[in-house]
file work19.cif (mmCIF, C-alpha atoms)
data_my_file
#
loop_
_atom_site.group_PDB
_atom_site.id
_atom_site.type_symbol
_atom_site.label_atom_id
_atom_site.label_comp_id
_atom_site.auth_asym_id
_atom_site.auth_seq_id
_atom_site.Cartn_x
_atom_site.Cartn_y
_atom_site.Cartn_z
ATOM 1 C CA ASP Z 29 45.333 52.069 5.129
ATOM 2 C CA ASN Z 30 45.882 52.883 8.794
ATOM 3 C CA THR Z 31 44.334 56.348 8.504
ATOM 4 C CA GLY Z 32 41.380 55.384 6.324
ATOM 5 C CA ARG Z 33 42.185 58.308 4.045
ATOM 6 C CA ASN Z 34 42.678 58.189 0.279
ATOM 7 C CA PRO Z 35 45.118 60.985 -0.538
ATOM 8 C CA GLN Z 36 45.160 62.435 -4.032
ATOM 9 C CA ILE Z 37 48.259 61.488 -5.998
ATOM 10 C CA LEU Z 38 50.163 64.412 -7.525
ATOM 11 C CA LEU Z 39 51.774 63.781 -10.895
ATOM 12 C CA LYS Z 40 53.947 66.104 -12.907
ATOM 13 C CA LYS Z 41 52.406 67.900 -15.862
ATOM 14 C CA ASN Z 42 51.926 65.663 -18.931
ATOM 15 C CA PRO Z 43 53.193 62.476 -17.264
ATOM 16 C CA PRO Z 44 54.509 59.747 -19.593
ATOM 17 C CA SER Z 45 52.091 56.985 -20.554
ATOM 18 C CA TRP Z 46 54.026 54.328 -18.614
ATOM 19 C CA MET Z 47 53.487 56.278 -15.382
ATOM 20 C CA LYS Z 48 49.715 56.360 -15.759
ATOM 21 C CA GLU Z 49 49.614 52.750 -16.966
ATOM 22 C CA THR Z 50 51.583 51.664 -13.895
ATOM 23 C CA LEU Z 51 49.186 53.479 -11.561
ATOM 24 C CA GLN Z 52 46.210 51.867 -13.287
ATOM 25 C CA LEU Z 53 47.779 48.417 -12.917
ATOM 26 C CA LEU Z 54 48.291 49.206 -9.228
ATOM 27 C CA GLY Z 55 44.535 49.698 -8.957
ATOM 28 C CA PHE Z 56 44.250 53.480 -9.233
ATOM 29 C CA SER Z 57 42.056 55.368 -11.697
ATOM 30 C CA ALA Z 58 42.348 58.801 -13.277
ATOM 31 C CA SER Z 59 40.172 60.216 -10.494
ATOM 32 C CA ASP Z 60 42.865 59.251 -7.973
ATOM 33 C CA TRP Z 61 45.537 61.566 -9.377
ATOM 34 C CA THR Z 62 46.004 65.184 -10.397
ATOM 35 C CA GLU Z 63 48.463 66.502 -12.953
ATOM 36 C CA TRP Z 64 50.154 69.333 -11.092
ATOM 37 C CA THR Z 65 50.958 72.365 -13.207
ATOM 38 C CA ASP Z 66 51.845 74.947 -10.557
ATOM 39 C CA GLN Z 67 55.221 75.535 -8.924
ATOM 40 C CA THR Z 68 54.102 75.652 -5.267
ATOM 41 C CA ALA Z 69 51.102 74.660 -3.183
ATOM 42 C CA VAL Z 70 49.748 74.948 0.354
ATOM 43 C CA VAL Z 71 48.318 71.711 1.748
ATOM 44 C CA SER Z 72 46.887 70.747 5.119
ATOM 45 C CA ARG Z 73 48.206 67.179 4.956
ATOM 46 C CA LEU Z 74 50.999 65.741 2.826
ATOM 47 C CA VAL Z 75 52.060 62.108 2.531
ATOM 48 C CA VAL Z 76 55.594 61.569 1.240
ATOM 49 C CA PRO Z 77 56.249 57.840 0.736
ATOM 50 C CA LYS Z 78 59.686 56.456 1.413
ATOM 51 C CA LEU Z 79 61.557 55.563 -1.759
ATOM 52 C CA ASN Z 80 62.849 52.014 -1.293
ATOM 53 C CA TYR Z 81 65.180 52.099 -4.237
ATOM 54 C CA VAL Z 82 67.468 49.791 -6.165
ATOM 55 C CA HIS Z 83 70.339 51.546 -7.875
ATOM 56 C CA SER Z 84 73.983 51.010 -8.749
ATOM 57 C CA THR Z 85 74.864 53.537 -6.042
ATOM 58 C CA GLY Z 86 73.180 51.408 -3.410
ATOM 59 C CA ALA Z 87 69.980 49.572 -2.591
ATOM 60 C CA THR Z 88 67.280 49.377 0.039
ATOM 61 C CA ILE Z 89 66.251 45.855 0.949
ATOM 62 C CA GLN Z 90 62.464 46.002 1.192
ATOM 63 C CA PRO Z 91 60.813 42.884 -0.273
ATOM 64 C CA PHE Z 92 57.355 43.725 1.120
ATOM 65 C CA ASP Z 93 56.982 46.884 -0.983
ATOM 66 C CA ARG Z 94 58.108 45.301 -4.229
ATOM 67 C CA LYS Z 95 56.033 42.153 -3.644
ATOM 68 C CA TRP Z 96 52.982 44.304 -2.908
ATOM 69 C CA ALA Z 97 53.421 46.164 -6.201
ATOM 70 C CA SER Z 98 54.091 42.939 -8.103
ATOM 71 C CA LYS Z 99 51.042 41.152 -6.747
ATOM 72 C CA ARG Z 100 48.685 44.031 -7.500
ATOM 73 C CA MET Z 101 50.020 44.653 -10.999
ATOM 74 C CA ILE Z 102 49.939 40.967 -11.966
ATOM 75 C CA SER Z 103 46.347 40.649 -10.742
ATOM 76 C CA ASN Z 104 45.255 43.604 -12.902
ATOM 77 C CA ALA Z 105 47.312 42.768 -16.012
ATOM 78 C CA ASN Z 106 45.830 41.004 -19.015
ATOM 79 C CA SER Z 107 48.682 40.517 -21.449
ATOM 80 C CA LYS Z 108 47.870 38.900 -24.779
ATOM 81 C CA THR Z 109 51.426 38.721 -26.111
ATOM 82 C CA GLN Z 110 52.920 35.417 -27.172
ATOM 83 C CA GLN Z 111 55.409 34.688 -24.435
ATOM 84 C CA SER Z 112 58.673 32.766 -24.477
ATOM 85 C CA GLU Z 113 60.086 30.984 -21.434
ATOM 86 C CA ARG Z 114 63.651 32.117 -22.260
ATOM 87 C CA ILE Z 115 64.250 35.802 -22.950
ATOM 88 C CA PHE Z 116 67.116 38.174 -23.655
ATOM 89 C CA LEU Z 117 66.539 41.860 -22.908
ATOM 90 C CA SER Z 118 68.275 43.766 -25.660
ATOM 91 C CA ARG Z 119 69.805 47.197 -25.057
ATOM 92 C CA GLN Z 120 70.821 47.654 -28.692
ATOM 93 C CA GLY Z 121 68.458 50.599 -28.981
ATOM 94 C CA GLN Z 122 69.933 52.313 -25.913
ATOM 95 C CA PRO Z 123 72.940 54.667 -25.770
ATOM 96 C CA ARG Z 124 74.745 52.698 -23.049
ATOM 97 C CA ARG Z 125 75.637 49.097 -22.188
ATOM 98 C CA LYS Z 126 74.804 47.561 -25.551
ATOM 99 C CA LEU Z 127 76.814 44.645 -26.904
ATOM 100 C CA SER Z 128 79.405 45.387 -29.567
ATOM 101 C CA ASN Z 129 79.281 41.730 -30.688
ATOM 102 C CA PHE Z 130 75.504 41.456 -30.583
ATOM 103 C CA ASN Z 131 75.250 39.525 -33.863
ATOM 104 C CA GLU Z 132 77.621 36.892 -32.526
ATOM 105 C CA ILE Z 133 75.745 36.655 -29.235
ATOM 106 C CA SER Z 134 72.355 36.490 -30.967
ATOM 107 C CA ARG Z 135 73.402 33.285 -32.751
ATOM 108 C CA ILE Z 136 74.142 31.653 -29.390
ATOM 109 C CA LEU Z 137 70.810 32.842 -28.017
ATOM 110 C CA GLU Z 138 69.047 31.312 -31.003
ATOM 111 C CA GLU Z 139 70.912 28.040 -30.406
ATOM 112 C CA PHE Z 140 69.412 27.876 -26.903
ATOM 113 C CA ASP Z 141 65.932 29.044 -27.986
ATOM 114 C CA VAL Z 142 66.279 32.368 -26.169
ATOM 115 C CA GLU Z 143 63.973 35.042 -27.597
ATOM 116 C CA ILE Z 144 65.391 38.545 -28.016
ATOM 117 C CA ILE Z 145 62.996 41.277 -26.890
ATOM 118 C CA ARG Z 146 63.122 45.047 -26.623
ATOM 119 C CA PRO Z 147 61.255 45.907 -23.388
ATOM 120 C CA GLU Z 148 60.873 49.576 -24.361
ATOM 121 C CA GLU Z 149 58.708 48.469 -27.302
ATOM 122 C CA LEU Z 150 56.224 46.678 -25.015
ATOM 123 C CA SER Z 151 53.485 48.102 -22.847
ATOM 124 C CA ILE Z 152 53.869 47.731 -19.084
ATOM 125 C CA GLU Z 153 51.106 45.125 -19.159
ATOM 126 C CA ASP Z 154 52.907 43.074 -21.800
ATOM 127 C CA GLN Z 155 56.209 43.359 -19.918
ATOM 128 C CA ILE Z 156 54.484 41.868 -16.888
ATOM 129 C CA GLY Z 157 53.237 38.951 -18.976
ATOM 130 C CA VAL Z 158 56.665 38.321 -20.481
ATOM 131 C CA PHE Z 159 58.448 38.233 -17.123
ATOM 132 C CA GLU Z 160 55.726 36.292 -15.334
ATOM 133 C CA ASN Z 161 56.136 33.520 -17.906
ATOM 134 C CA ALA Z 162 59.949 33.619 -18.077
ATOM 135 C CA GLU Z 163 62.117 30.768 -16.810
ATOM 136 C CA VAL Z 164 65.446 32.190 -18.038
ATOM 137 C CA ILE Z 165 66.174 35.945 -18.133
ATOM 138 C CA VAL Z 166 69.421 37.131 -19.757
ATOM 139 C CA ALA Z 167 70.221 40.836 -19.933
ATOM 140 C CA PRO Z 168 72.895 43.522 -19.804
ATOM 141 C CA SER Z 169 72.499 45.399 -16.507
ATOM 142 C CA GLY Z 170 69.780 47.989 -16.881
ATOM 143 C CA ALA Z 171 66.408 49.224 -15.677
ATOM 144 C CA ALA Z 172 64.486 46.534 -17.581
ATOM 145 C CA LEU Z 173 65.721 43.972 -15.053
ATOM 146 C CA ALA Z 174 63.455 45.606 -12.463
ATOM 147 C CA ASN Z 175 60.683 43.621 -14.130
ATOM 148 C CA MET Z 176 62.052 40.490 -12.488
ATOM 149 C CA ILE Z 177 59.702 41.318 -9.596
ATOM 150 C CA PHE Z 178 57.016 39.735 -11.805
ATOM 151 C CA ALA Z 179 58.973 36.497 -12.270
ATOM 152 C CA SER Z 180 58.866 33.340 -10.184
ATOM 153 C CA ASP Z 181 61.116 30.296 -10.220
ATOM 154 C CA ALA Z 182 63.340 31.899 -12.881
ATOM 155 C CA THR Z 183 67.074 32.106 -13.495
ATOM 156 C CA VAL Z 184 68.649 35.524 -14.086
ATOM 157 C CA ILE Z 185 71.943 36.047 -15.939
ATOM 158 C CA ASP Z 186 73.129 39.624 -15.405
ATOM 159 C CA ILE Z 187 75.650 40.813 -18.027
ATOM 160 C CA LYS Z 188 77.865 43.417 -16.394
ATOM 161 C CA PRO Z 189 80.502 45.800 -17.747
ATOM 162 C CA TYR Z 190 84.184 44.967 -17.328
ATOM 163 C CA VAL Z 191 85.376 44.598 -13.704
ATOM 164 C CA ILE Z 192 82.176 45.991 -12.233
ATOM 165 C CA TYR Z 193 80.121 44.338 -9.541
ATOM 166 C CA ASP Z 194 77.144 45.765 -7.709
ATOM 167 C CA ASP Z 195 74.533 43.822 -5.831
ATOM 168 C CA MET Z 196 71.325 45.580 -6.846
ATOM 169 C CA TRP Z 197 69.895 42.854 -9.099
ATOM 170 C CA TYR Z 198 71.157 40.155 -6.766
ATOM 171 C CA ILE Z 199 69.086 41.765 -4.010
ATOM 172 C CA VAL Z 200 65.904 41.772 -6.105
ATOM 173 C CA SER Z 201 66.561 38.187 -7.205
ATOM 174 C CA GLU Z 202 66.933 37.076 -3.598
ATOM 175 C CA GLU Z 203 63.746 38.888 -2.593
ATOM 176 C CA ASN Z 204 61.854 36.954 -5.268
ATOM 177 C CA GLU Z 205 63.654 33.642 -4.648
ATOM 178 C CA LEU Z 206 65.165 33.619 -8.139
ATOM 179 C CA TYR Z 207 68.475 32.004 -9.073
ATOM 180 C CA TYR Z 208 71.006 34.751 -9.879
ATOM 181 C CA SER Z 209 74.244 34.598 -11.847
ATOM 182 C CA PHE Z 210 76.362 37.247 -13.522
ATOM 183 C CA VAL Z 211 79.077 37.502 -16.112
ATOM 184 C CA ASN Z 212 81.475 40.365 -16.760
ATOM 185 C CA CYS Z 213 82.154 41.594 -20.251
ATOM 186 C CA GLU Z 214 85.632 41.906 -21.665
ATOM 187 C CA PRO Z 215 87.369 45.295 -21.539
ATOM 188 C CA THR Z 216 86.508 47.644 -24.374
ATOM 189 C CA GLU Z 217 89.275 49.818 -25.773
ATOM 190 C CA GLY Z 218 89.072 53.321 -24.340
ATOM 191 C CA ALA Z 219 86.362 52.467 -21.810
ATOM 192 C CA ILE Z 220 87.057 53.751 -18.313
ATOM 193 C CA THR Z 221 83.594 53.839 -16.724
ATOM 194 C CA LYS Z 222 80.980 51.187 -16.038
ATOM 195 C CA ASP Z 223 78.412 52.913 -18.256
ATOM 196 C CA THR Z 224 80.305 52.202 -21.435
ATOM 197 C CA GLU Z 225 78.625 52.721 -24.766
ATOM 198 C CA GLN Z 226 79.709 49.301 -25.983
ATOM 199 C CA MET Z 227 80.435 46.074 -24.103
ATOM 200 C CA ARG Z 228 81.874 42.893 -25.561
ATOM 201 C CA LEU Z 229 80.530 39.661 -24.084
ATOM 202 C CA ASN Z 230 82.722 36.598 -24.480
ATOM 203 C CA PRO Z 231 80.498 34.076 -26.351
ATOM 204 C CA THR Z 232 82.163 31.179 -24.532
ATOM 205 C CA ASP Z 233 81.154 32.624 -21.146
ATOM 206 C CA LEU Z 234 77.524 32.973 -22.207
ATOM 207 C CA LYS Z 235 77.396 29.509 -23.746
ATOM 208 C CA ARG Z 236 78.850 27.965 -20.588
ATOM 209 C CA LEU Z 237 76.234 29.610 -18.371
ATOM 210 C CA LEU Z 238 73.357 28.668 -20.655
ATOM 211 C CA LYS Z 239 74.536 25.042 -20.764
ATOM 212 C CA GLU Z 240 74.558 24.945 -16.961
ATOM 213 C CA ILE Z 241 71.032 26.354 -16.770
ATOM 214 C CA VAL Z 242 69.283 24.907 -19.802
#

call {"tool": "encode", "arguments": {"input": "work19.cif", "output": "structure tokens"}}
result
Amino acid sequence: DNTGRNPQILLKKNPPSWMKETLQLLGFSASDWTEWTDQTAVVSRLVVPKLNYVHSTGATIQPFDRKWASKRMISNANSKTQQSERIFLSRQGQPRRKLSNFNEISRILEEFDVEIIRPEELSIEDQIGVFENAEVIVAPSGAALANMIFASDATVIDIKPYVIYDDMWYIVSEENELYYSFVNCEPTEGAITKDTEQMRLNPTDLKRLLKEIV
């Protein structure tokens, strides 16, 4: 904005659909990017944006950037999905951090009218609509929680592996003025890392948190 220039965006060859959909929701069109197929290039000017990231290895606190992206994407989204105010983000289709006692947990979620969704099955536009409407967000720690940037006045329950605490989703919750809580899963036999294949969530812990919130 300060330079008045509109640099061309370089994308990798055959970018995934979510990447192009995200750019379109940010207000860019196909004419604004180029799919780069070569290995090297010579350019007269190159803009390399800073990556203000959120990751289990650390986080960069930068609410302006994430709020800018959220505002633009919400304004351009037109989701037509039927949206629930209480959602659970399932990782049962993922290789890591899925619940070993999912059937047991799903009965508790049903008791509290929490809808189970699989974010990877939704378009980016529909994910925006789901999170924008959400009042309660329950999820095992994972990338889908990044969508909380589209939420407002919501409560987040972050389900973490056994004896693991990182502050990445707390940071994003604070940036968006959301209420954040977390619960650790019970130890799984043979699990020694935080990215366990299976996690067991104590049903009593989840029920207690949902009673406090709902």

call {"tool": "closest_residue", "arguments": {"input": "work19.cif", "among": "Z:Asn161, Z:Ser98, Z:Ser134, Z:Ser128", "to": "Z:Glu113", "atoms": "all atoms listed in the file"}}
result
Z:Asn161

call {"tool": "atom_distance", "arguments": {"input": "work19.cif", "atom1": "atom CA of Z:Ser209", "atom2": "atom CA of Z:Ser180"}}
result
15.5 Å

call {"tool": "resolve_selection", "arguments": {"input": "work19.cif", "expression": "the PyMOL selection byres ((chain Z and resi 232-238) around 10)", "output": "list in words"}}
result
Ile133, Ile136, Leu137, Glu139, Phe140, Val142, Val164, Val166, Ile185, Ile187, Ser209, Phe210, Val211, Asn212, Cys213, Leu229, Asn230, Pro231, Lys239, Glu240, Ile241 and Val242 of chain Z

call {"tool": "resolve_selection", "arguments": {"input": "work19.cif", "expression": "the PyMOL selection byres ((chain Z and resi 126) around 9)", "output": "list of chain:residue names"}}
result
Z:Ser118, Z:Arg119, Z:Gln120, Z:Gly121, Z:Gln122, Z:Pro123, Z:Arg124, Z:Arg125, Z:Leu127, Z:Ser128, Z:Asn129, Z:Phe130, Z:Pro168, Z:Thr224, Z:Glu225, Z:Gln226, Z:Met227, Z:Arg228

call {"tool": "closest_atom_pairs", "arguments": {"input": "work19.cif", "of": "stretch 79-175 of chain Z", "to": "stretch 45-58 of chain Z", "cutoff": "10 Å", "atoms": "all atoms listed in the file", "output": "JSON lines"}}
result
{"residue": "Z:Trp96", "atom": "CA", "partner": "Z:Leu54", "partner_atom": "CA", "distance": 9.3}
{"residue": "Z:Ala97", "atom": "CA", "partner": "Z:Leu54", "partner_atom": "CA", "distance": 6.7}
{"residue": "Z:Ser98", "atom": "CA", "partner": "Z:Leu54", "partner_atom": "CA", "distance": 8.6}
{"residue": "Z:Lys99", "atom": "CA", "partner": "Z:Leu54", "partner_atom": "CA", "distance": 8.9}
{"residue": "Z:Arg100", "atom": "CA", "partner": "Z:Leu54", "partner_atom": "CA", "distance": 5.5}
{"residue": "Z:Met101", "atom": "CA", "partner": "Z:Leu53", "partner_atom": "CA", "distance": 4.8}
{"residue": "Z:Ile102", "atom": "CA", "partner": "Z:Leu53", "partner_atom": "CA", "distance": 7.8}
{"residue": "Z:Ser103", "atom": "CA", "partner": "Z:Leu53", "partner_atom": "CA", "distance": 8.2}
{"residue": "Z:Asn104", "atom": "CA", "partner": "Z:Leu53", "partner_atom": "CA", "distance": 5.4}
{"residue": "Z:Ala105", "atom": "CA", "partner": "Z:Leu53", "partner_atom": "CA", "distance": 6.5}
{"residue": "Z:Asn106", "atom": "CA", "partner": "Z:Leu53", "partner_atom": "CA", "distance": 9.8}
{"residue": "Z:Ser151", "atom": "CA", "partner": "Z:Trp46", "partner_atom": "CA", "distance": 7.5}
{"residue": "Z:Ile152", "atom": "CA", "partner": "Z:Trp46", "partner_atom": "CA", "distance": 6.6}
{"residue": "Z:Glu153", "atom": "CA", "partner": "Z:Leu53", "partner_atom": "CA", "distance": 7.8}

call {"tool": "residues_around", "arguments": {"input": "work19.cif", "residues": "Z:Ser72", "least_positions_apart": "3", "cutoff": "12 Å", "atoms": "all atoms listed in the file", "output": "PyMOL selection string"}}
result
chain Z and resi 35+69+75

call {"tool": "resolve_selection", "arguments": {"input": "work19.cif", "expression": "the PyMOL selection byres ((chain Z and resi 171-176) around 10)", "output": "mmCIF file with C-alpha atoms, keeping the file's coordinate frame"}}
result
data_model
loop_
_atom_site.group_PDB
_atom_site.id
_atom_site.type_symbol
_atom_site.label_atom_id
_atom_site.label_comp_id
_atom_site.auth_asym_id
_atom_site.auth_seq_id
_atom_site.Cartn_x
_atom_site.Cartn_y
_atom_site.Cartn_z
ATOM 1 C CA VAL Z 82 67.468 49.791 -6.165
ATOM 2 C CA HIS Z 83 70.339 51.546 -7.875
ATOM 3 C CA ARG Z 94 58.108 45.301 -4.229
ATOM 4 C CA SER Z 98 54.091 42.939 -8.103
ATOM 5 C CA LEU Z 117 66.539 41.860 -22.908
ATOM 6 C CA SER Z 118 68.275 43.766 -25.660
ATOM 7 C CA ARG Z 119 69.805 47.197 -25.057
ATOM 8 C CA ARG Z 146 63.122 45.047 -26.623
ATOM 9 C CA PRO Z 147 61.255 45.907 -23.388
ATOM 10 C CA GLU Z 148 60.873 49.576 -24.361
ATOM 11 C CA ILE Z 152 53.869 47.731 -19.084
ATOM 12 C CA GLN Z 155 56.209 43.359 -19.918
ATOM 13 C CA ILE Z 156 54.484 41.868 -16.888
ATOM 14 C CA VAL Z 158 56.665 38.321 -20.481
ATOM 15 C CA PHE Z 159 58.448 38.233 -17.123
ATOM 16 C CA GLU Z 160 55.726 36.292 -15.334
ATOM 17 C CA ALA Z 162 59.949 33.619 -18.077
ATOM 18 C CA ILE Z 165 66.174 35.945 -18.133
ATOM 19 C CA VAL Z 166 69.421 37.131 -19.757
ATOM 20 C CA ALA Z 167 70.221 40.836 -19.933
ATOM 21 C CA PRO Z 168 72.895 43.522 -19.804
ATOM 22 C CA SER Z 169 72.499 45.399 -16.507
ATOM 23 C CA GLY Z 170 69.780 47.989 -16.881
ATOM 24 C CA ILE Z 177 59.702 41.318 -9.596
ATOM 25 C CA PHE Z 178 57.016 39.735 -11.805
ATOM 26 C CA ALA Z 179 58.973 36.497 -12.270
ATOM 27 C CA SER Z 180 58.866 33.340 -10.184
ATOM 28 C CA ALA Z 182 63.340 31.899 -12.881
ATOM 29 C CA THR Z 183 67.074 32.106 -13.495
ATOM 30 C CA VAL Z 184 68.649 35.524 -14.086
ATOM 31 C CA ASP Z 186 73.129 39.624 -15.405
ATOM 32 C CA MET Z 196 71.325 45.580 -6.846
ATOM 33 C CA TRP Z 197 69.895 42.854 -9.099
ATOM 34 C CA VAL Z 200 65.904 41.772 -6.105
ATOM 35 C CA SER Z 201 66.561 38.187 -7.205
ATOM 36 C CA ASN Z 204 61.854 36.954 -5.268
ATOM 37 C CA LEU Z 206 65.165 33.619 -8.139
#

call {"tool": "atom_distance", "arguments": {"input": "work19.cif", "atom1": "atom CA of Z:Ile144", "atom2": "atom CA of Z:Asp93"}}
result
29.5 Å

call {"tool": "atom_distance", "arguments": {"input": "work19.cif", "atom1": "atom CA of Z:Asn131", "atom2": "atom CA of Z:Ile145"}}
result
14.2 Å

call {"tool": "closest_residue", "arguments": {"input": "work19.cif", "among": "Z:Asp141, Z:Leu74, Z:Ser59, Z:Leu150", "to": "Z:Thr109", "atoms": "all atoms listed in the file"}}
result
Z:Leu150

call {"tool": "axis_aligned_box", "arguments": {"input": "work19.cif", "around": "stretch 145-148 of chain Z", "padding_each_side": "3 Å", "output": "JSON"}}
result
{"center_x": 62.0, "center_y": 45.4, "center_z": -25.1, "size_x": 8.2, "size_y": 14.3, "size_z": 9.5}

call {"tool": "closest_residue", "arguments": {"input": "work19.cif", "among": "Z:Glu132, Z:Asp60, Z:Glu205, Z:Glu163", "to": "Z:Leu39", "atoms": "only C-alpha atoms"}}
result
Z:Asp60

call {"tool": "closest_residue", "arguments": {"input": "work19.cif", "among": "Z:Gln36, Z:Pro189, Z:Thr65, Z:Asp195", "to": "Z:Pro215", "atoms": "all atoms listed in the file"}}
result
Z:Pro189

call {"tool": "closest_residue", "arguments": {"input": "work19.cif", "among": "Z:Gln90, Z:Arg73, Z:Gly32, Z:Trp64", "to": "Z:Ile199", "atoms": "all atoms listed in the file"}}
result
Z:Gln90

call {"tool": "build_atoms", "arguments": {"input": "work19.cif", "residues": "stretch 172-183 of chain Z", "atoms": "N, CA, C and O atoms", "output": "tab-separated table (two decimals), in the frame of the given file"}}
result
chain	number	residue	atom	x	y	z
Z	172	ALA	N	65.47	47.55	-17.20
Z	172	ALA	CA	64.49	46.53	-17.58
Z	172	ALA	C	64.50	45.33	-16.65
Z	172	ALA	O	63.49	44.64	-16.50
Z	173	LEU	N	65.64	45.10	-15.98
Z	173	LEU	CA	65.72	43.97	-15.05
Z	173	LEU	C	64.83	44.16	-13.83
Z	173	LEU	O	64.55	43.20	-13.10
Z	174	ALA	N	64.37	45.38	-13.59
Z	174	ALA	CA	63.46	45.61	-12.46
Z	174	ALA	C	62.18	44.79	-12.63
Z	174	ALA	O	61.50	44.46	-11.65
Z	175	ASN	N	61.87	44.42	-13.87
Z	175	ASN	CA	60.68	43.62	-14.13
Z	175	ASN	C	60.78	42.21	-13.58
Z	175	ASN	O	59.79	41.47	-13.60
Z	176	MET	N	61.95	41.83	-13.07
Z	176	MET	CA	62.05	40.49	-12.49
Z	176	MET	C	61.17	40.34	-11.25
Z	176	MET	O	60.95	39.22	-10.78
Z	177	ILE	N	60.63	41.44	-10.72
Z	177	ILE	CA	59.70	41.32	-9.60
Z	177	ILE	C	58.44	40.57	-10.01
Z	177	ILE	O	57.70	40.08	-9.15
Z	178	PHE	N	58.19	40.45	-11.31
Z	178	PHE	CA	57.02	39.74	-11.80
Z	178	PHE	C	57.32	38.26	-12.09
Z	178	PHE	O	56.42	37.51	-12.45
Z	179	ALA	N	58.57	37.87	-11.96
Z	179	ALA	CA	58.97	36.50	-12.27
Z	179	ALA	C	58.90	35.61	-11.03
Z	179	ALA	O	58.95	36.09	-9.89
Z	180	SER	N	58.81	34.32	-11.27
Z	180	SER	CA	58.87	33.34	-10.18
Z	180	SER	C	59.57	32.10	-10.71
Z	180	SER	O	59.38	31.71	-11.86
Z	181	ASP	N	60.40	31.52	-9.87
Z	181	ASP	CA	61.12	30.30	-10.22
Z	181	ASP	C	61.90	30.47	-11.53
Z	181	ASP	O	61.88	29.60	-12.40
Z	182	ALA	N	62.58	31.61	-11.66
Z	182	ALA	CA	63.34	31.90	-12.88
Z	182	ALA	C	64.82	32.02	-12.57
Z	182	ALA	O	65.22	32.23	-11.41
Z	183	THR	N	65.64	31.91	-13.60
Z	183	THR	CA	67.07	32.11	-13.50
Z	183	THR	C	67.44	33.40	-14.20
Z	183	THR	O	66.98	33.67	-15.31
